[in-house]
Amino acid sequence: MKYLVYGASGGVGRGVVNLLLKRGESVIGCTRKPSLQKSEINLTWIEVNTESPEKGTAFLKGIDKVFLMSPPGHMDQYSLLKPWIDESKKQGVKKIVLMTAMGIEHAPPEVPFKKLELYLQESGIDYIILRPNWFMQNFQTSWLSGIKKDRKIYFPGGTAKVSFIDSEDIAKSVVGAFEDSVEKNRAYMLTGREAINHSEVASYLSKATGITISYDDISSERFVSMLLENGVKQDYANFLAYIASALKEGHSIAITGDVKYLAGKEPTKFEEYAKENSSIWI
Ligand SMILES: NC(=O)c1ccc[n+]([C@@H]2O[C@H](COP(=O)([O-])OP(=O)(O)OC[C@H]3O[C@@H](n4cnc5c(N)ncnc54)[C@H](OP(=O)(O)O)[C@@H]3O)[C@@H](O)[C@H]2O)c1
């Protein structure tokens with residue numbers, strides 16, 4: 001079987017590629033910089049860029065199944081990925097697995113991520129939409145500098161509990177979603193198996209590293225200015241502050257059995273993730 005993976009060098013995409021290669025599948029991986037990627041048997045890197053969304057779509061010819069995701073920082077996910085759905089349809093792709101985000105189900109139809117989901121649903125191609133909750137990996141990427149510099153998690157999350165998910169479990173769920181045996185043409189909500197608040201996250205990180213890491217429940221305004229200082233664009237910073245406020249109101253607490261169903265395993269617990277990755281925060 002031939003697969004195409006968008007965002008193939010990213011946190012989720014790289015995991016999907018690795019799992020597919022391990023099974024002996026043939027994969028086309030999308031990146032902005034193919035020359036910087038490691039070459040491997042059965043893996044072909046192609047150049048794509050959201051600045052010209054159609055670039056690379058010609059490689060969909062002969063592809064059986066596709067994984068689509070929108071690179072973070074981009075607000076118009078619909079315009080970025082619509083050409084990939086259109087060309088997939090033209091080329092007779094058998095299934096598209098699209099990753100959006102938990103909560104999109106409540107968004108109005110004109111919100112680009114929701115508009116993209118609806119477009120895929122109406123495309124006539126077999127699909128699965130995966131809506132993951134907040135990633136555990138944010139603590140090793142987006143929120144890492146505060147942890148390294150000040151030993152603090154800066155986030156406007158209050159005391160709300162969140163069923164954080166390990167991005168490796170998302171990758172395993174994507175590969176599970178490619179299987180013909182799973183119920184198709186529907187969405188799944190990917191969550192961890194427990195819901196914890198940011199103070200509990202800080203305790204797990206402290207326990208795993210032996211360093212005292214604390215949680216600073218900052219205001220939404222401070223969160224936005226910290227994101228801007230880190231190079232995040234204003235519209236995406238506002239969007240992150242908006243979804244953080246939904247988290248604070250308790251909307252990220254749900255726990256589903258969808259990872260177990262798709263990936264065939266229980267989701268990783270935050271404590272396990274922290275232990276396994278402790279060197280990142282030291
Ligand atoms: N973080 C969370 O808590 C969370 C929660 C729910 C949903 N999500 C969703 O998950 C997605 C992020 O997934 P991730 O963490 O796996 O992302 P990631 O690790 O940041 O990877 C981004 C991927 O996109 C590629 N990319 C970046 N800019 C690009 C551009 N301009 N054109 C084409 N490709 C580009 C990167 O490749 P190169 O750099 O090699 O080009 C990389 O492969 C987003 O859609 C976000 O909404 C995130």
# chains A, B, ... in the order shown; residues from 1 in each chain; ligands from 1
call {"tool": "residues_around", "arguments": {"residues": "region 218-232 of chain A", "least_positions_apart": "3", "cutoff": "10 Å", "atoms": "only C-alpha atoms", "output": "compact mmCIF listing (two decimals) with C-alpha atoms, in the first residue's frame"}}
result
# COMPACT_ATOMS: atom_id res chain seq x y z
CA PRO A 72 0.61 25.01 13.71
CA GLY A 73 0.63 28.79 13.34
CA SER A 142 5.86 25.37 23.23
CA TRP A 143 6.12 25.65 27.05
CA SER A 145 11.56 27.70 27.52
CA GLY A 146 9.75 28.78 30.74
CA ILE A 153 4.97 26.27 33.46
CA TYR A 154 3.41 29.55 32.30
CA PHE A 155 -0.15 28.84 31.20
CA PRO A 156 -3.61 30.41 31.78
CA GLY A 157 -5.30 27.13 32.68
CA GLY A 158 -6.54 27.76 36.26
CA TYR A 215 2.84 26.10 37.72
CA ASP A 235 -3.86 35.89 15.14
CA TYR A 236 -2.52 32.48 16.21
CA ALA A 237 -1.61 33.81 19.69
CA ASN A 238 -5.19 35.08 20.08
CA PHE A 239 -6.50 31.70 18.91
CA LEU A 240 -4.33 29.85 21.45
CA ALA A 241 -5.54 32.20 24.21
CA TYR A 242 -9.13 31.53 23.16
CA ALA A 244 -6.84 28.03 26.57
CA SER A 245 -9.86 29.88 28.00
call {"tool": "closest_atom_pairs", "arguments": {"of": "chain A", "to": "ligand 1", "cutoff": "7 Å", "atoms": "only C-alpha atoms and all ligand atoms", "output": "Markdown table"}}
result
| residue | atom | partner | partner_atom_place_in_ligand_line | distance |
| --- | --- | --- | --- | --- |
| A:Tyr6 | CA | ligand 1 | 43 (O) | 6.9 |
| A:Gly7 | CA | ligand 1 | 43 (O) | 3.2 |
| A:Ala8 | CA | ligand 1 | 43 (O) | 4.6 |
| A:Ser9 | CA | ligand 1 | 43 (O) | 3.7 |
| A:Gly10 | CA | ligand 1 | 21 (O) | 3.2 |
| A:Gly11 | CA | ligand 1 | 19 (O) | 3.7 |
| A:Val12 | CA | ligand 1 | 16 (O) | 3.8 |
| A:Gly13 | CA | ligand 1 | 16 (O) | 5.6 |
| A:Cys30 | CA | ligand 1 | 43 (O) | 7.0 |
| A:Thr31 | CA | ligand 1 | 41 (O) | 4.0 |
| A:Arg32 | CA | ligand 1 | 41 (O) | 3.6 |
| A:Lys33 | CA | ligand 1 | 40 (O) | 5.6 |
| A:Val48 | CA | ligand 1 | 33 (C) | 5.3 |
| A:Asn49 | CA | ligand 1 | 32 (N) | 3.6 |
| A:Thr50 | CA | ligand 1 | 32 (N) | 4.0 |
| A:Glu51 | CA | ligand 1 | 31 (N) | 6.3 |
| A:Met69 | CA | ligand 1 | 45 (O) | 5.2 |
| A:Ser70 | CA | ligand 1 | 45 (O) | 4.0 |
| A:Pro71 | CA | ligand 1 | 24 (O) | 4.1 |
| A:Pro72 | CA | ligand 1 | 44 (C) | 4.5 |
| A:Met99 | CA | ligand 1 | 45 (O) | 6.8 |
| A:Thr100 | CA | ligand 1 | 7 (C) | 5.6 |
| A:Ala101 | CA | ligand 1 | 7 (C) | 4.0 |
| A:Met102 | CA | ligand 1 | 6 (C) | 6.2 |
| A:Arg131 | CA | ligand 1 | 7 (C) | 6.7 |
| A:Pro132 | CA | ligand 1 | 6 (C) | 4.9 |
| A:Asn133 | CA | ligand 1 | 6 (C) | 5.0 |
| A:Trp134 | CA | ligand 1 | 3 (O) | 3.4 |
| A:Phe135 | CA | ligand 1 | 3 (O) | 3.8 |
| A:Asn138 | CA | ligand 1 | 1 (N) | 5.7 |
call {"tool": "write_last_selection", "arguments": {"atoms": "N, CA and C atoms", "output": "compact mmCIF listing (two decimals), in the first residue's frame"}}
result
# COMPACT_ATOMS: atom_id res chain seq x y z
N TYR A 6 1.24 14.20 5.33
CA TYR A 6 1.53 15.64 5.39
C TYR A 6 2.13 15.92 6.77
N GLY A 7 3.05 16.89 6.85
CA GLY A 7 3.69 17.18 8.16
C GLY A 7 4.50 16.01 8.66
N ALA A 8 5.17 15.33 7.71
CA ALA A 8 5.82 14.05 8.02
C ALA A 8 7.06 14.18 8.90
N SER A 9 7.59 15.41 9.06
CA SER A 9 8.76 15.59 9.93
C SER A 9 8.34 16.09 11.30
N GLY A 10 7.04 16.25 11.53
CA GLY A 10 6.55 16.82 12.79
C GLY A 10 6.30 15.77 13.86
N GLY A 11 5.85 16.23 15.00
CA GLY A 11 5.65 15.35 16.15
C GLY A 11 4.75 14.17 15.84
N VAL A 12 3.57 14.43 15.30
CA VAL A 12 2.65 13.34 14.99
C VAL A 12 3.06 12.64 13.68
N GLY A 13 3.32 13.45 12.64
CA GLY A 13 3.61 12.90 11.31
C GLY A 13 4.80 11.95 11.31
N CYS A 30 5.79 14.64 3.44
CA CYS A 30 5.78 16.04 3.02
C CYS A 30 6.51 16.91 4.03
N THR A 31 7.36 17.81 3.52
CA THR A 31 8.11 18.74 4.35
C THR A 31 8.44 19.96 3.51
N ARG A 32 8.84 21.07 4.17
CA ARG A 32 9.30 22.23 3.39
C ARG A 32 10.73 22.01 2.90
N LYS A 33 11.48 21.13 3.61
CA LYS A 33 12.91 20.98 3.30
C LYS A 33 13.31 19.52 3.14
N VAL A 48 6.62 20.55 0.12
CA VAL A 48 5.31 21.21 0.12
C VAL A 48 5.48 22.53 0.88
N ASN A 49 4.56 23.43 0.70
CA ASN A 49 4.59 24.65 1.49
C ASN A 49 3.21 25.28 1.52
N THR A 50 2.78 25.66 2.70
CA THR A 50 1.44 26.24 2.83
C THR A 50 1.32 27.54 2.04
N GLU A 51 2.49 28.14 1.71
CA GLU A 51 2.42 29.40 0.94
C GLU A 51 1.92 29.17 -0.49
N MET A 69 -2.73 17.00 8.10
CA MET A 69 -2.75 17.84 9.31
C MET A 69 -2.37 19.25 8.88
N SER A 70 -2.73 20.24 9.70
CA SER A 70 -2.37 21.61 9.35
C SER A 70 -1.22 22.05 10.24
N PRO A 71 -0.13 22.56 9.65
CA PRO A 71 0.99 23.02 10.48
C PRO A 71 0.52 24.07 11.49
N PRO A 72 1.02 24.01 12.73
CA PRO A 72 0.61 25.01 13.71
C PRO A 72 1.03 26.41 13.26
N MET A 99 -6.36 15.10 10.88
CA MET A 99 -6.27 15.48 12.30
C MET A 99 -6.67 16.94 12.46
N THR A 100 -7.64 17.22 13.29
CA THR A 100 -7.99 18.62 13.61
C THR A 100 -7.72 18.81 15.12
N ALA A 101 -8.72 19.09 15.91
CA ALA A 101 -8.49 19.29 17.35
C ALA A 101 -9.80 19.09 18.10
N MET A 102 -9.67 18.64 19.35
CA MET A 102 -10.86 18.45 20.20
C MET A 102 -11.55 19.81 20.38
N ARG A 131 -9.80 14.08 16.39
CA ARG A 131 -9.75 15.35 17.14
C ARG A 131 -9.04 15.10 18.47
N PRO A 132 -7.71 15.37 18.50
CA PRO A 132 -7.00 15.12 19.75
C PRO A 132 -7.15 16.27 20.76
N ASN A 133 -7.00 15.93 22.02
CA ASN A 133 -6.95 16.93 23.09
C ASN A 133 -5.56 17.56 23.12
N TRP A 134 -5.28 18.43 24.08
CA TRP A 134 -3.97 19.08 24.22
C TRP A 134 -2.89 18.01 24.34
N PHE A 135 -1.77 18.24 23.61
CA PHE A 135 -0.68 17.25 23.59
C PHE A 135 0.18 17.35 24.86
N ASN A 138 3.45 19.46 24.37
CA ASN A 138 3.57 20.92 24.48
C ASN A 138 4.57 21.31 25.56
call {"tool": "select_by_dssp", "arguments": {"residues": "region 63-178 of chain A", "states": "strand (DSSP E or B)", "output": "number ranges by chain"}}
result
A: 65-68, 95-99, 126-132, 135, 152-154, 162, 165
call {"tool": "atom_distance", "arguments": {"atom1": "CA of Gly264 (chain A)", "atom2": "CA of Phe164 (chain A)"}}
result
18.1 Å
call {"tool": "closest_residue", "arguments": {"among": "A:Ile196, A:Ile104, A:Val174, A:Ala208", "to": "Leu19 (chain A)", "atoms": "only C-alpha atoms"}}
result
A:Val174
call {"tool": "select_by_dssp", "arguments": {"residues": "region 6-158 of chain A", "states": "helix (DSSP H, G or I)", "output": "MDAnalysis selection string"}}
result
chainID A and resid 11:22 34:36 57:60 77:91 104:106 112:121 136:140 144:150
call {"tool": "atom_distance", "arguments": {"atom1": "CA of Gly176 (chain A)", "atom2": "CA of Lys260 (chain A)"}}
result
9.9 Å
call {"tool": "closest_residue", "arguments": {"among": "A:Glu54, A:Glu200, A:Glu168, A:Asp86", "to": "Val259 (chain A)", "atoms": "only C-alpha atoms"}}
result
A:Glu168
call {"tool": "residues_around", "arguments": {"residues": "region 114-123 of chain A", "least_positions_apart": "2", "cutoff": "8 Å", "atoms": "only C-alpha atoms", "output": "PyMOL selection string"}}
result
chain A and resi 77-78+81-82+85-86+89+98+100+104-105+107-112+125+127+129+185
call {"tool": "residues_around", "arguments": {"residues": "Trp45 (chain A)", "least_positions_apart": "2", "cutoff": "8 Å", "atoms": "only C-alpha atoms", "output": "VMD selection string"}}
result
chain A and resid 28 to 31 34 37 39 43 47
call {"tool": "closest_residue", "arguments": {"among": "A:Gly62, A:His106, A:Ser35, A:Ala177", "to": "Glu87 (chain A)", "atoms": "only C-alpha atoms"}}
result
A:Gly62
call {"tool": "residues_around", "arguments": {"residues": "His251 (chain A)", "least_positions_apart": "6", "cutoff": "9 Å", "atoms": "only C-alpha atoms", "output": "list in words"}}
result
Gly103, Ala160, Lys161 and Val162 of chain A
call {"tool": "residues_around", "arguments": {"residues": "Ile280 (chain A)", "least_positions_apart": "4", "cutoff": "10 Å", "atoms": "only C-alpha atoms", "output": "PyMOL selection string"}}
result
chain A and resi 139-141+144+147-148+209+274+276
call {"tool": "write_last_selection", "arguments": {"atoms": "C-alpha atoms", "output": "PDB file, in the first residue's frame"}}
result
ATOM      1  CA  PHE A 139       5.616  20.760  27.695  1.00  0.00           C
ATOM      2  CA  GLN A 140       8.705  19.840  25.654  1.00  0.00           C
ATOM      3  CA  THR A 141       8.063  22.303  22.812  1.00  0.00           C
ATOM      4  CA  LEU A 144       9.716  24.375  27.315  1.00  0.00           C
ATOM      5  CA  ILE A 147      10.423  25.388  32.322  1.00  0.00           C
ATOM      6  CA  LYS A 148      14.120  25.475  31.394  1.00  0.00           C
ATOM      7  CA  THR A 209      13.444  15.341  36.969  1.00  0.00           C
ATOM      8  CA  ALA A 274       7.332  12.536  32.160  1.00  0.00           C
ATOM      9  CA  GLU A 276      10.472   8.606  29.825  1.00  0.00           C
TER      10      GLU A 276
END
call {"tool": "atom_distance", "arguments": {"atom1": "CA of Ile213 (chain A)", "atom2": "CA of Gly250 (chain A)"}}
result
23.4 Å
call {"tool": "decode", "arguments": {"residues": "region 122-151 of chain A", "atoms": "N, CA and C atoms", "output": "mmCIF file, in the first residue's frame"}}
result
data_model
loop_
_atom_site.group_PDB
_atom_site.id
_atom_site.type_symbol
_atom_site.label_atom_id
_atom_site.label_comp_id
_atom_site.auth_asym_id
_atom_site.auth_seq_id
_atom_site.Cartn_x
_atom_site.Cartn_y
_atom_site.Cartn_z
ATOM 1 N N GLU A 122 -18.035 15.820 2.990
ATOM 2 C CA GLU A 122 -18.897 15.862 1.801
ATOM 3 C C GLU A 122 -18.157 15.483 0.519
ATOM 4 N N SER A 123 -16.868 15.124 0.638
ATOM 5 C CA SER A 123 -16.047 14.892 -0.562
ATOM 6 C C SER A 123 -16.385 13.585 -1.279
ATOM 7 N N GLY A 124 -16.983 12.650 -0.555
ATOM 8 C CA GLY A 124 -17.252 11.338 -1.155
ATOM 9 C C GLY A 124 -16.096 10.366 -0.955
ATOM 10 N N ILE A 125 -14.967 10.851 -0.426
ATOM 11 C CA ILE A 125 -13.829 9.955 -0.140
ATOM 12 C C ILE A 125 -14.060 9.363 1.256
ATOM 13 N N ASP A 126 -13.701 8.093 1.447
ATOM 14 C CA ASP A 126 -13.774 7.531 2.795
ATOM 15 C C ASP A 126 -12.824 8.319 3.699
ATOM 16 N N TYR A 127 -13.276 8.634 4.896
ATOM 17 C CA TYR A 127 -12.459 9.481 5.769
ATOM 18 C C TYR A 127 -12.591 9.060 7.227
ATOM 19 N N ILE A 128 -11.603 9.513 7.990
ATOM 20 C CA ILE A 128 -11.713 9.495 9.453
ATOM 21 C C ILE A 128 -11.143 10.812 9.941
ATOM 22 N N ILE A 129 -11.891 11.487 10.815
ATOM 23 C CA ILE A 129 -11.399 12.725 11.425
ATOM 24 C C ILE A 129 -10.964 12.396 12.848
ATOM 25 N N LEU A 130 -9.753 12.829 13.195
ATOM 26 C CA LEU A 130 -9.253 12.612 14.550
ATOM 27 C C LEU A 130 -9.142 13.961 15.243
ATOM 28 N N ARG A 131 -9.800 14.082 16.393
ATOM 29 C CA ARG A 131 -9.749 15.349 17.137
ATOM 30 C C ARG A 131 -9.040 15.105 18.467
ATOM 31 N N PRO A 132 -7.712 15.366 18.497
ATOM 32 C CA PRO A 132 -6.997 15.122 19.748
ATOM 33 C C PRO A 132 -7.146 16.267 20.757
ATOM 34 N N ASN A 133 -6.997 15.928 22.020
ATOM 35 C CA ASN A 133 -6.948 16.930 23.086
ATOM 36 C C ASN A 133 -5.555 17.559 23.115
ATOM 37 N N TRP A 134 -5.285 18.428 24.085
ATOM 38 C CA TRP A 134 -3.967 19.082 24.222
ATOM 39 C C TRP A 134 -2.887 18.011 24.345
ATOM 40 N N PHE A 135 -1.775 18.236 23.610
ATOM 41 C CA PHE A 135 -0.685 17.246 23.587
ATOM 42 C C PHE A 135 0.182 17.353 24.856
ATOM 43 N N MET A 136 0.641 16.203 25.382
ATOM 44 C CA MET A 136 1.650 16.212 26.450
ATOM 45 C C MET A 136 2.916 16.899 25.949
ATOM 46 N N GLN A 137 3.203 16.703 24.659
ATOM 47 C CA GLN A 137 4.459 17.212 24.072
ATOM 48 C C GLN A 137 4.558 18.733 24.098
ATOM 49 N N ASN A 138 3.447 19.457 24.374
ATOM 50 C CA ASN A 138 3.568 20.919 24.477
ATOM 51 C C ASN A 138 4.567 21.307 25.562
ATOM 52 N N PHE A 139 4.701 20.440 26.587
ATOM 53 C CA PHE A 139 5.616 20.760 27.695
ATOM 54 C C PHE A 139 7.083 20.599 27.282
ATOM 55 N N GLN A 140 7.321 19.948 26.146
ATOM 56 C CA GLN A 140 8.705 19.840 25.654
ATOM 57 C C GLN A 140 8.942 20.696 24.414
ATOM 58 N N THR A 141 7.902 21.415 23.967
ATOM 59 C CA THR A 141 8.063 22.303 22.812
ATOM 60 C C THR A 141 7.619 23.720 23.209
ATOM 61 N N SER A 142 6.347 24.002 23.042
ATOM 62 C CA SER A 142 5.858 25.370 23.235
ATOM 63 C C SER A 142 6.124 25.938 24.633
ATOM 64 N N TRP A 143 5.984 25.103 25.679
ATOM 65 C CA TRP A 143 6.125 25.647 27.053
ATOM 66 C C TRP A 143 7.507 25.328 27.651
ATOM 67 N N LEU A 144 8.415 24.835 26.800
ATOM 68 C CA LEU A 144 9.716 24.375 27.315
ATOM 69 C C LEU A 144 10.593 25.510 27.844
ATOM 70 N N SER A 145 10.590 26.660 27.143
ATOM 71 C CA SER A 145 11.561 27.702 27.525
ATOM 72 C C SER A 145 11.316 28.185 28.953
ATOM 73 N N GLY A 146 10.057 28.356 29.359
ATOM 74 C CA GLY A 146 9.747 28.779 30.736
ATOM 75 C C GLY A 146 10.195 27.737 31.753
ATOM 76 N N ILE A 147 10.038 26.471 31.397
ATOM 77 C CA ILE A 147 10.423 25.388 32.322
ATOM 78 C C ILE A 147 11.945 25.362 32.474
ATOM 79 N N LYS A 148 12.650 25.520 31.351
ATOM 80 C CA LYS A 148 14.120 25.475 31.394
ATOM 81 C C LYS A 148 14.679 26.710 32.111
ATOM 82 N N LYS A 149 14.119 27.886 31.781
ATOM 83 C CA LYS A 149 14.694 29.143 32.266
ATOM 84 C C LYS A 149 14.302 29.430 33.720
ATOM 85 N N ASP A 150 12.998 29.327 34.017
ATOM 86 C CA ASP A 150 12.509 29.758 35.342
ATOM 87 C C ASP A 150 11.972 28.600 36.176
ATOM 88 N N ARG A 151 12.008 27.378 35.617
ATOM 89 C CA ARG A 151 11.409 26.214 36.302
ATOM 90 C C ARG A 151 9.911 26.437 36.529
#
